[in-house]
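Student: What follows is a structure written as structure tokens; I'll ask about it next.
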Amino acid sequence: MPPYWLYKKVIFVNLTIFWGHAIESYDAIPYDSTPLTDTHPACLAALGQWFGMTPASPTCARVLELGCASGGNLIPMAWYLPGSTFVGVDRAAAPLAAGQALQARLGLSNLELRREDIITLDPKTLGEFDYIIVHGVWSWVPFAVQEQILRLCGSCLAPQGIAYVSYNTLPGWHPRGMVRDLLLYGTRAIHEPEVRLAAARGLLEQLATAWTGDENVLARYLTQEIAELRHAHPGYLFHEYLEESNTPILFADFIRRAACHGLSYLAESELYTMFPSTLSEGAAALVELLENLVDQEQYMDFLRYRYFRRTLLCRTEVPLTRNLDLNRLREFSISAHLLPLHGVDLTQVIMEDFTTPDGIHFGVSHPLTKAALAHLAEIYPDAITYPDLEKNAVHRVAFNGANQWNLEQLNGELFSLYAHRAVRLTSTPETFYHGLPVRPRSHALAQAQAAARLEHLATVRHTTLEIDPLAGQLIQLMDGNRTLEELTEALIIHLARHTAREVVRGGVPELPQDGQLLAGCRRLAELFARHGLLTDA
């Protein structure tokens, strides 16, 4: 019989071969690397504070991201938080090289992007981190790599540190697993990533009308899922549905495995999902009969058909407070970008819709809350202290003739908006430059991202602002030396050259009129200013 060490060697070699194929696919088809708002240290710190933790300040923290890809999440953090230190680890060479090039252009000395394999990382050489981010990795790697991720979190997390781990969950993933099985079978004979992706897209087109007229619930789900996948980002489609490894897990099993590494469940970044009251009355009654938090969360996954989680972990020895006191809102500063769909009535309690920039609607009824949201929209992206926001809201309501208000209802509605990620909390007030000068200048990060031909810009609030080539060109032209009229003229010259190239290729694109282009430039400049992409330096 071969010695035990030989079995271990064979297992390690097989894992290396398997994991190597997976990494090659990320080189061939990069994952879409963008800012992940939930992973920002300020968001993680606020959630930790709600549950009684004292996390490190986002302005002077150490942050580790495992599976950082091209740094689309870490680079904006490092740019906007120069007092903090960031380390990103990824094994895929091509995406990491792109991130390192962008880092070098920006001269970010507080960021290190390392090409290493998670499985061989040594906790002792990594050191201690206040925040650890593992997004889009855990479910898509072999069991041994999953264990290494939890081991690194357990070893490297600071005493009051927070780890963010996202993963696919059961039972909600099962229907998606059917689509994955279908695509895997349909492309089973193809091994080159690009060819396999093209074949999968072709199969999706063929399946688009496969269940037309079938009123079965599952058929309707599959039709909707395939419709969305037909327009999905190539990286998402390939790595979610065509990778060799994609292992969803029960929440309770994930927490059990985390506990083996000295980690405890803190919360979900989607805080509202932790409240049984967001379920139907019967489902909430069932969940509230359970005394164990993990059991409650697991049953809520069953009842919601939840397929994905963004779970926060902390050290087991950290004492946590589970009874959330809404009056603690006064300890935070608040920012929000919610706009009313119609006119706002500040004289009576009546439900009115507010919407986020990406079109998600939230109903708000109390005049104080509407007044608070109006003020936050005016000063966005700044964050104001809760007492100052409350004072401003009371003044607005009183100015409109109302002399009665309910501060508790203001607390309740603002907390609900926070739990649904419609407003953002920070530990201190924040003020950013968001003016629009006569000669606009975009900051270095926006310039670098546009020059790299990225399809998005990272805002000061760590959100993604999608741009087309024209907007990207405008950002690069904003050097502080041109007025909006001069920027429009420069864009016209750029478009004329682009048109000449298209004519040579046999196409004749339609150019906008000068007046339309000037108005468009002004709207874009105002949008850039509102998201903190301009500078007065």
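Letters A, B, ... go to the chains of the structure tokens in the order shown; residues in each chain start at 1; ligands are counted from 1 in the same order.
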Mind checking which residues fall within 10 Å of Leu517 of chain A, counting only C-alpha atoms, ignoring those fewer than 5 positions away in the same chain, and posting them as a ChimeraX atom specification?
Tutor: /A:485,487-489,491-492,511-512,522-523
Student: Using only C-alpha atoms, which residues sit within 6 Å of segment 467-484 of chain A once same-chain residues fewer than 6 positions away are excluded, as a list in words?
Tutor: Val438, Arg439, Pro440, Arg441, Ser442, Gln447, Ala450, Glu455 and His456 of chain A
Student: Could you tell me which of A:Ala444, A:Ile162, A:Leu518, A:Ile132 comes closest to Pro76 of chain A if we count only C-alpha atoms?
Tutor: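 Closest candidate: A:Ala444.
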Student: What are the closest atom pairs, with distances in Å to one decimal, for each residue of segment 230-344 of chain A lying within 12 Å of segment 40-43 of chain A, using only C-alpha atoms, rows by chain and rising residue number, as JSON lines?
Tutor:
```
{"residue": "A:Glu268", "atom": "CA", "partner": "A:Cys43", "partner_atom": "CA", "distance": 11.4}
{"residue": "A:Ser269", "atom": "CA", "partner": "A:Cys43", "partner_atom": "CA", "distance": 8.3}
{"residue": "A:Glu270", "atom": "CA", "partner": "A:Cys43", "partner_atom": "CA", "distance": 10.9}
{"residue": "A:Leu271", "atom": "CA", "partner": "A:Cys43", "partner_atom": "CA", "distance": 11.3}
{"residue": "A:Leu312", "atom": "CA", "partner": "A:Cys43", "partner_atom": "CA", "distance": 11.2}
{"residue": "A:Phe332", "atom": "CA", "partner": "A:Ala42", "partner_atom": "CA", "distance": 11.1}
{"residue": "A:Ser333", "atom": "CA", "partner": "A:Ala42", "partner_atom": "CA", "distance": 11.1}
{"residue": "A:Ile334", "atom": "CA", "partner": "A:Cys43", "partner_atom": "CA", "distance": 11.5}
{"residue": "A:Ser335", "atom": "CA", "partner": "A:Cys43", "partner_atom": "CA", "distance": 11.8}
```
Student: Go ahead and save the residues from that selection, with all heavy atoms, as a compact mmCIF listing (two decimals), in the first residue's frame.
Tutor:
```txt
# COMPACT_ATOMS: atom_id res chain seq x y z
N GLU A 268 -26.18 39.93 7.96
CA GLU A 268 -26.18 39.96 6.50
C GLU A 268 -26.00 41.41 6.06
O GLU A 268 -26.51 42.33 6.70
CB GLU A 268 -27.49 39.43 5.92
CG GLU A 268 -27.68 37.95 6.07
CD GLU A 268 -26.61 37.14 5.35
OE1 GLU A 268 -26.35 37.40 4.15
OE2 GLU A 268 -26.04 36.23 6.00
N SER A 269 -25.29 41.61 4.95
CA SER A 269 -25.18 42.98 4.45
C SER A 269 -26.55 43.50 4.01
O SER A 269 -26.82 44.69 4.06
CB SER A 269 -24.19 43.05 3.29
OG SER A 269 -24.70 42.39 2.14
N GLU A 270 -27.43 42.60 3.58
CA GLU A 270 -28.83 42.95 3.31
C GLU A 270 -29.60 42.78 4.63
O GLU A 270 -30.26 41.76 4.85
CB GLU A 270 -29.40 42.04 2.23
CG GLU A 270 -28.70 42.18 0.89
CD GLU A 270 -29.15 41.13 -0.10
OE1 GLU A 270 -28.96 39.93 0.17
OE2 GLU A 270 -29.69 41.52 -1.16
N LEU A 271 -29.53 43.78 5.47
CA LEU A 271 -30.00 43.66 6.84
C LEU A 271 -31.48 43.30 6.93
O LEU A 271 -31.90 42.56 7.84
CB LEU A 271 -29.72 44.97 7.59
CG LEU A 271 -29.94 44.98 9.10
CD1 LEU A 271 -29.08 43.94 9.79
CD2 LEU A 271 -29.67 46.37 9.66
N LEU A 312 -21.73 38.34 6.93
CA LEU A 312 -20.64 38.95 7.71
C LEU A 312 -20.31 38.04 8.89
O LEU A 312 -21.23 37.56 9.59
CB LEU A 312 -21.04 40.33 8.21
CG LEU A 312 -21.58 41.33 7.17
CD1 LEU A 312 -21.73 42.71 7.80
CD2 LEU A 312 -20.67 41.41 5.95
N PHE A 332 -25.01 58.01 14.26
CA PHE A 332 -24.46 57.93 12.91
C PHE A 332 -24.69 59.20 12.12
O PHE A 332 -25.50 60.05 12.49
CB PHE A 332 -25.11 56.76 12.16
CG PHE A 332 -24.81 55.40 12.73
CD1 PHE A 332 -25.67 54.82 13.65
CD2 PHE A 332 -23.68 54.70 12.34
CE1 PHE A 332 -25.41 53.56 14.17
CE2 PHE A 332 -23.41 53.44 12.85
CZ PHE A 332 -24.27 52.87 13.77
N SER A 333 -23.96 59.28 11.02
CA SER A 333 -24.26 60.29 9.99
C SER A 333 -24.89 59.57 8.81
O SER A 333 -24.67 58.38 8.60
CB SER A 333 -22.98 61.00 9.56
OG SER A 333 -22.47 61.77 10.63
N ILE A 334 -25.69 60.30 8.03
CA ILE A 334 -26.54 59.67 7.02
C ILE A 334 -26.36 60.35 5.67
O ILE A 334 -26.23 61.58 5.58
CB ILE A 334 -28.03 59.75 7.43
CG1 ILE A 334 -28.24 59.11 8.80
CG2 ILE A 334 -28.93 59.09 6.40
CD1 ILE A 334 -29.68 59.12 9.28
N SER A 335 -26.36 59.52 4.62
CA SER A 335 -26.39 60.04 3.25
C SER A 335 -27.40 59.23 2.46
O SER A 335 -27.69 58.08 2.79
CB SER A 335 -25.00 59.94 2.59
OG SER A 335 -24.62 58.58 2.43
```
Student: Taking 5 positions as the minimum chain separation for residues in the same chain, which residues sit within 7 Å of Val349 of chain A when counting only C-alpha atoms? Answer as a VMD selection string.
Tutor: chain A and resid 365 to 367
Student: Could those residues be written to a file, using all heavy atoms, as a PDB file, in the first residue's frame?
Tutor:
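Listed below is the output, out_23.pdb:
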```pdb
ATOM      1  N   SER A 365     -44.001  57.595   4.204  1.00  0.00           N
ATOM      2  CA  SER A 365     -45.287  58.217   4.515  1.00  0.00           C
ATOM      3  C   SER A 365     -45.184  59.449   5.408  1.00  0.00           C
ATOM      4  O   SER A 365     -45.970  60.385   5.260  1.00  0.00           O
ATOM      5  CB  SER A 365     -46.216  57.194   5.191  1.00  0.00           C
ATOM      6  OG  SER A 365     -45.660  56.753   6.420  1.00  0.00           O
ATOM      7  N   HIS A 366     -44.233  59.482   6.341  1.00  0.00           N
ATOM      8  CA  HIS A 366     -44.236  60.568   7.321  1.00  0.00           C
ATOM      9  C   HIS A 366     -43.585  61.830   6.757  1.00  0.00           C
ATOM     10  O   HIS A 366     -42.542  61.762   6.102  1.00  0.00           O
ATOM     11  CB  HIS A 366     -43.505  60.144   8.592  1.00  0.00           C
ATOM     12  CG  HIS A 366     -43.847  60.990   9.772  1.00  0.00           C
ATOM     13  ND1 HIS A 366     -43.247  62.199  10.025  1.00  0.00           N
ATOM     14  CD2 HIS A 366     -44.766  60.820  10.757  1.00  0.00           C
ATOM     15  CE1 HIS A 366     -43.758  62.729  11.125  1.00  0.00           C
ATOM     16  NE2 HIS A 366     -44.682  61.916  11.582  1.00  0.00           N
ATOM     17  N   PRO A 367     -44.189  62.999   6.998  1.00  0.00           N
ATOM     18  CA  PRO A 367     -43.625  64.259   6.478  1.00  0.00           C
ATOM     19  C   PRO A 367     -42.173  64.479   6.887  1.00  0.00           C
ATOM     20  O   PRO A 367     -41.379  64.988   6.087  1.00  0.00           O
ATOM     21  CB  PRO A 367     -44.541  65.330   7.084  1.00  0.00           C
ATOM     22  CG  PRO A 367     -45.850  64.631   7.275  1.00  0.00           C
ATOM     23  CD  PRO A 367     -45.500  63.229   7.664  1.00  0.00           C
TER      24      PRO A 367
END
```
Student: Among the residues of segment 74-147 of chain A, find those DSSP assigns to strand (DSSP E) from the backbone and print them as a VMD selection string.
Tutor: chain A and resid 85 to 90 111 to 115 129 to 134
Student: If we count only C-alpha atoms and set the cut-off at 12 Å, which residues sit around Leu152 of chain A, ignoring sequence neighbours fewer than 6 positions away in its own chain? Please answer as JSON, numbers by chain.
Tutor: {"A": [64, 65, 66, 118, 119, 120, 121, 122, 123, 124, 125, 126, 127, 128, 129, 131, 132, 133, 134, 145, 146, 158, 163, 258, 261, 262, 263]}
Student: A:Ala259, A:Leu96, A:Ala419, A:Cys521: which is nearest Leu324 of chain A, counting only C-alpha atoms?
Tutor: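 Among the listed residues, the smallest separation from Leu324 of chain A belongs to A:Ala419.
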Student: List every residue of segment 214-387 of chain A that DSSP, applied to the backbone of this structure, assigns to helix (DSSP H, G or I), and report them as number ranges by chain.
Tutor: A: 217-229, 234-241, 251-259, 271-274, 276-278, 281-288, 293-304, 326-331, 367-379, 386-387
Student: Measuring between only C-alpha atoms, which one of A:Pro82, A:Pro159, A:Pro171, A:Gly235 shows the shortest distance to Asp301 of chain A?
Tutor: A:Pro171
Student: Compile the contact shell of Leu373 of chain A as JSON, numbers by chain: residues with an atom at most 9 Å away, counting only C-alpha atoms, same-chain residues fewer than 6 positions apart removed.
Tutor: {"A": [335, 336, 337, 338, 339, 340, 354, 393]}
Student: Would you put the residues from that selection into a file with N, CA, C and O atoms, as a PDB file, in the first residue's frame?
Tutor:
```
ATOM      1  N   SER A 335     -26.357  59.519   4.616  1.00  0.00           N
ATOM      2  CA  SER A 335     -26.388  60.037   3.246  1.00  0.00           C
ATOM      3  C   SER A 335     -27.402  59.230   2.459  1.00  0.00           C
ATOM      4  O   SER A 335     -27.688  58.080   2.793  1.00  0.00           O
ATOM      5  N   ALA A 336     -27.958  59.832   1.422  1.00  0.00           N
ATOM      6  CA  ALA A 336     -28.926  59.118   0.585  1.00  0.00           C
ATOM      7  C   ALA A 336     -29.118  59.859  -0.722  1.00  0.00           C
ATOM      8  O   ALA A 336     -28.964  61.080  -0.794  1.00  0.00           O
ATOM      9  N   HIS A 337     -29.453  59.087  -1.745  1.00  0.00           N
ATOM     10  CA  HIS A 337     -29.753  59.665  -3.061  1.00  0.00           C
ATOM     11  C   HIS A 337     -31.099  59.110  -3.505  1.00  0.00           C
ATOM     12  O   HIS A 337     -31.205  58.302  -4.424  1.00  0.00           O
ATOM     13  N   LEU A 338     -32.156  59.552  -2.832  1.00  0.00           N
ATOM     14  CA  LEU A 338     -33.522  59.124  -3.121  1.00  0.00           C
ATOM     15  C   LEU A 338     -34.322  60.342  -3.578  1.00  0.00           C
ATOM     16  O   LEU A 338     -34.358  61.358  -2.885  1.00  0.00           O
ATOM     17  N   LEU A 339     -34.957  60.212  -4.715  1.00  0.00           N
ATOM     18  CA  LEU A 339     -35.709  61.330  -5.276  1.00  0.00           C
ATOM     19  C   LEU A 339     -37.185  60.977  -5.374  1.00  0.00           C
ATOM     20  O   LEU A 339     -37.534  59.835  -5.692  1.00  0.00           O
ATOM     21  N   PRO A 340     -38.077  61.935  -5.084  1.00  0.00           N
ATOM     22  CA  PRO A 340     -39.523  61.654  -5.175  1.00  0.00           C
ATOM     23  C   PRO A 340     -39.947  61.487  -6.623  1.00  0.00           C
ATOM     24  O   PRO A 340     -39.444  62.178  -7.515  1.00  0.00           O
ATOM     25  N   PHE A 354     -40.348  57.214  -3.391  1.00  0.00           N
ATOM     26  CA  PHE A 354     -39.029  57.761  -3.681  1.00  0.00           C
ATOM     27  C   PHE A 354     -38.256  56.680  -4.432  1.00  0.00           C
ATOM     28  O   PHE A 354     -38.454  55.487  -4.203  1.00  0.00           O
ATOM     29  N   ALA A 393     -35.184  68.568   9.106  1.00  0.00           N
ATOM     30  CA  ALA A 393     -36.487  68.025   8.712  1.00  0.00           C
ATOM     31  C   ALA A 393     -37.617  68.692   9.479  1.00  0.00           C
ATOM     32  O   ALA A 393     -38.656  69.043   8.913  1.00  0.00           O
TER      33      ALA A 393
END
```
Student: Would you mind telling me which residue in A:His494, A:Arg220, A:Tyr185, A:Leu527 lies nearest to Ala199 of chain A when using only C-alpha atoms?
Tutor: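 Ranked by minimum distance to Ala199 of chain A, first place goes to A:Tyr185.
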Student: For Phe415 of chain A, please output as number ranges by chain all residues within 12 Å (counting only C-alpha atoms; exclusion window: fewer than 4 positions along the same chain).
Tutor: A: 50, 271-272, 324-330, 332, 334, 364, 369, 386, 408-411, 419-425
Student: Using N, CA and C atoms, can you write the selected residues to a file as a CSV table (one decimal), in the first residue's frame?
Tutor:
```
chain,number,residue,atom,x,y,z
A,50,TRP,N,-23.9,48.4,14.9
A,50,TRP,CA,-25.3,48.1,15.3
A,50,TRP,C,-25.4,47.0,16.2
A,271,LEU,N,-29.5,43.8,5.5
A,271,LEU,CA,-30.0,43.7,6.8
A,271,LEU,C,-31.5,43.3,6.9
A,272,TYR,N,-32.3,43.8,6.0
A,272,TYR,CA,-33.7,43.6,6.1
A,272,TYR,C,-34.1,42.1,6.0
A,324,LEU,N,-31.8,45.5,18.6
A,324,LEU,CA,-31.4,46.8,17.9
A,324,LEU,C,-32.3,47.9,18.4
A,325,ASP,N,-31.6,48.9,19.0
A,325,ASP,CA,-32.3,50.1,19.5
A,325,ASP,C,-32.3,51.2,18.4
A,326,LEU,N,-33.4,51.5,17.9
A,326,LEU,CA,-33.5,52.5,16.8
A,326,LEU,C,-33.0,53.9,17.1
A,327,ASN,N,-33.0,54.2,18.4
A,327,ASN,CA,-32.5,55.5,18.9
A,327,ASN,C,-31.0,55.6,18.6
A,328,ARG,N,-30.3,54.5,18.4
A,328,ARG,CA,-28.9,54.5,18.1
A,328,ARG,C,-28.6,55.2,16.7
A,329,LEU,N,-29.6,55.4,16.0
A,329,LEU,CA,-29.4,56.1,14.7
A,329,LEU,C,-28.7,57.5,15.0
A,330,ARG,N,-29.0,58.0,16.1
A,330,ARG,CA,-28.4,59.3,16.5
A,330,ARG,C,-26.9,59.3,16.5
A,332,PHE,N,-25.0,58.0,14.3
A,332,PHE,CA,-24.5,57.9,12.9
A,332,PHE,C,-24.7,59.2,12.1
A,334,ILE,N,-25.7,60.3,8.0
A,334,ILE,CA,-26.5,59.7,7.0
A,334,ILE,C,-26.4,60.4,5.7
A,364,VAL,N,-42.6,56.0,1.4
A,364,VAL,CA,-42.3,56.8,2.6
A,364,VAL,C,-43.6,57.6,2.9
A,369,THR,N,-39.8,62.3,7.4
A,369,THR,CA,-38.9,61.4,6.6
A,369,THR,C,-38.8,62.0,5.2
A,386,TYR,N,-27.1,62.7,12.3
A,386,TYR,CA,-28.6,62.5,12.5
A,386,TYR,C,-29.2,63.6,13.2
A,408,GLU,N,-40.2,59.3,16.5
A,408,GLU,CA,-40.1,57.8,16.5
A,408,GLU,C,-40.4,57.3,15.1
A,409,GLN,N,-41.4,57.9,14.4
A,409,GLN,CA,-41.7,57.4,13.1
A,409,GLN,C,-40.6,57.7,12.1
A,410,LEU,N,-40.0,58.9,12.3
A,410,LEU,CA,-38.8,59.2,11.5
A,410,LEU,C,-37.7,58.2,11.7
A,411,ASN,N,-37.5,57.8,12.9
A,411,ASN,CA,-36.5,56.8,13.2
A,411,ASN,C,-36.8,55.5,12.5
A,419,ALA,N,-31.9,49.5,6.3
A,419,ALA,CA,-31.9,48.0,6.3
A,419,ALA,C,-32.1,47.5,4.8
A,420,HIS,N,-32.8,48.3,4.0
A,420,HIS,CA,-33.0,48.0,2.6
A,420,HIS,C,-31.9,48.6,1.7
A,421,ARG,N,-30.9,49.2,2.3
A,421,ARG,CA,-29.7,49.8,1.6
A,421,ARG,C,-30.1,50.9,0.8
A,422,ALA,N,-31.1,51.7,1.1
A,422,ALA,CA,-31.5,52.8,0.4
A,422,ALA,C,-30.9,54.1,1.0
A,423,VAL,N,-30.5,54.1,2.2
A,423,VAL,CA,-29.7,55.2,2.8
A,423,VAL,C,-28.5,54.5,3.4
A,424,ARG,N,-27.4,55.3,3.6
A,424,ARG,CA,-26.1,54.8,4.0
A,424,ARG,C,-25.8,55.5,5.3
A,425,LEU,N,-25.2,54.7,6.3
A,425,LEU,CA,-24.7,55.3,7.5
A,425,LEU,C,-23.2,55.2,7.6
```
